[in-house]
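Here the structure is laid out as structure tokens; the discussion comes afterwards.
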Amino acid sequence: MQNADELAAYKTIGAKNTAERNKPTIYTPVSKSATKTLSYSINNVPDFAWFADKDLVIQYDTVKLASGKIVDAFSYYHNKKNTLWVNSIDYIKDATKKYSQWIGEYEYPVVQAIEGPKNNASGGMEYPTITLITSPDAKKETLDGVITHEVGHNWFMSMLGSNERMHTWQDEGFNTYFQFRYEAEKYKSNSIFGDAIPAKIKELPTDKFLASIYGALSNVPMQSPIETPAADFKTSEEYGLISYAKTALWLYLLQAEIGQEKFDKAFQAYFSEWKNKHPTPADFKASMEKSLGVNLDKYFALLNQQGKF
Ligand SMILES: [Zn+2]
């Protein structure tokens with residue numbers, strides 16, 4: 001935001017609301033005139049969105065990344081009793097930190113999430129630097145998972161701008177792999193299995209927990225190949241299961257084979273090579289083969305496989 005006085009007001013109120021979460025201070029307009037003009041400017045984004053509402057609670061904090069870069073974090077939500085959104089600023093910060101650490105640093109000066117109207121068909125809608133969250137927030141793990149997923153689209157959609165309609169897996173699937181990792185590390189939870197995860201599994205260390213989640217996922221019938229254009233899926237459930245979950249499982253197979261550290265290094269190299277560009281599946285394959293020094297023909301052929309791996 002280019003309006004210095006307005007931005008300063010958001011930060012002052014937002015920092016207060018982050019410190020005193022149960023007694024939010026409501027925004028009062030900087031100017032009393034009937035209208036105002038706000039200007040926004042940003043580099044290296046493929047899209048743009050803004051939201052307006054008179055009754056939003058603003059939270060503000062900063063995220064410090066490994067390089068020392070400081071990112072402004074904001075959340076905007078409705079002032080309802082017992083809302084889980086009082087901790088939303090933490091979820092935005094954690095997601096930005098974790099994805100930066102695992103994939104490559106967040107590039108933009110600001111990261112934000114806003115509570116929208118409930119919509120059971122999707123958890124939210126991502127835009128660069130700001131994401132609309134529309135999922136019912138019944139539990140902190142699920143709200144955190146959805147916010148993290150949508151914040152994650154700053155990597156898979158914005159910084160890495162693959163063709164989401166033709167190769168959805170490079171966008172939703174990659175994002176889901178990292179979302180599952182985040183949920184496992186932070187809560188030993190998983191957005192696919194939810195309450196069905198036995199307490200014994202939750203007691204496992206993170207890597208074993210994830211192995212168990214992916215083991216269970218590999219038994220779920222997933223018929224279509226991952227490499228299916230979004231419009232060709234017969235149902236939205238199948239689109240979700242294949243593009244999101246089957247892809248996460250596919251990535252996990254490689255990670256389990258070569259180890260987390262090697263996998264992360266190769267994925268980070270892919271990110272830095274293709275940041276602010278439009279990587280295709282062939283670009284991803286070439287980058288991973290270069291980093292790992294192996295031929296991945298057989299592994300990438302799995303993208304076209306019907307049914308189980
Ligand atoms: Zn998504």
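Letters A, B, ... mark the chains of the structure tokens in the order given; residue numbers begin at 1 per chain; ligand numbers begin at 1, in order shown.
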Inset, instruction - Using only C-alpha atoms and all ligand atoms, find each protein or nucleic acid residue lying at most 12 Å from ligand 1; present the set as an MDAnalysis selection string. - result: chainID A and resid 122:127 131:133 145:158 164 168:179 239:240 243:245
Inset, instruction - Write out as an MDAnalysis selection string all residues of range 11-245 of chain A that backbone DSSP assigns to strand (DSSP E). - result: chainID A and resid 56:64 70:78 110:115 124:127 130:133
Inset, instruction - Find the residue from A:Trp50, A:Ala15, A:Pro221, A:Ile103 that sits nearest to Leu38 in chain A; use only C-alpha atoms when measuring. - result: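 Closest candidate: A:Trp50.
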Inset, instruction - Return the single residue from A:Pro205, A:Pro281, A:Gly116, A:Gly307 that is closest to Ser218 in chain A, with distances computed using only C-alpha atoms. - result: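 Distance minimum relative to Ser218 in chain A lands on A:Gly307.
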Closest atom pairs, range 102-147 of chain A residues within 12 Å of range 251-275 of chain A, only C-alpha atoms, as a tab-separated table:
```
residue	atom	partner	partner_atom	distance
A:Trp102	CA	A:Asp264	CA	6.4
A:Ile103	CA	A:Gln268	CA	4.9
A:Gly104	CA	A:Gln268	CA	5.9
A:Glu105	CA	A:Ser272	CA	9.3
A:Tyr106	CA	A:Lys275	CA	10.5
A:Glu107	CA	A:Lys275	CA	9.5
```
Mind dumping a table of every range 98-200 of chain A residue within 9 Å of range 72-89 of chain A, with the nearest atom pair and its distance in Å to one decimal, using only C-alpha atoms, sorted by chain and rising number, as CSV?
```
residue,atom,partner,partner_atom,distance
A:Pro109,CA,A:Asp72,CA,6.2
A:Val110,CA,A:Asp72,CA,4.6
A:Val111,CA,A:Ala73,CA,4.9
A:Gln112,CA,A:Phe74,CA,4.8
A:Ala113,CA,A:Ser75,CA,5.0
A:Ile114,CA,A:Tyr76,CA,4.7
A:Glu115,CA,A:Tyr77,CA,4.9
A:Gly116,CA,A:Tyr77,CA,7.9
A:Asp137,CA,A:Leu84,CA,6.9
A:Ala138,CA,A:Leu84,CA,8.1
A:Lys139,CA,A:Leu84,CA,7.6
A:Lys140,CA,A:Leu84,CA,6.4
A:Leu143,CA,A:Leu84,CA,7.8
A:Asp144,CA,A:Ser88,CA,7.3
A:Ile147,CA,A:Ser88,CA,8.0
```
Inset, instruction - Run DSSP on the backbone and grab whatever in range 101-299 of chain A lands in alpha helix (DSSP H); send it over as a PyMOL selection string. - result: chain A and resi 101-102+140-152+172-187+199-202+206-217+236-240+247-258+260-274+281-292+297-299
Legend entry - Selection near Ala19 in chain A, 12 Å with only C-alpha atoms, sequence-local residues under 3 positions removed, as a ChimeraX atom specification: /A:12-16,22-25,58-61,86-87,89-90
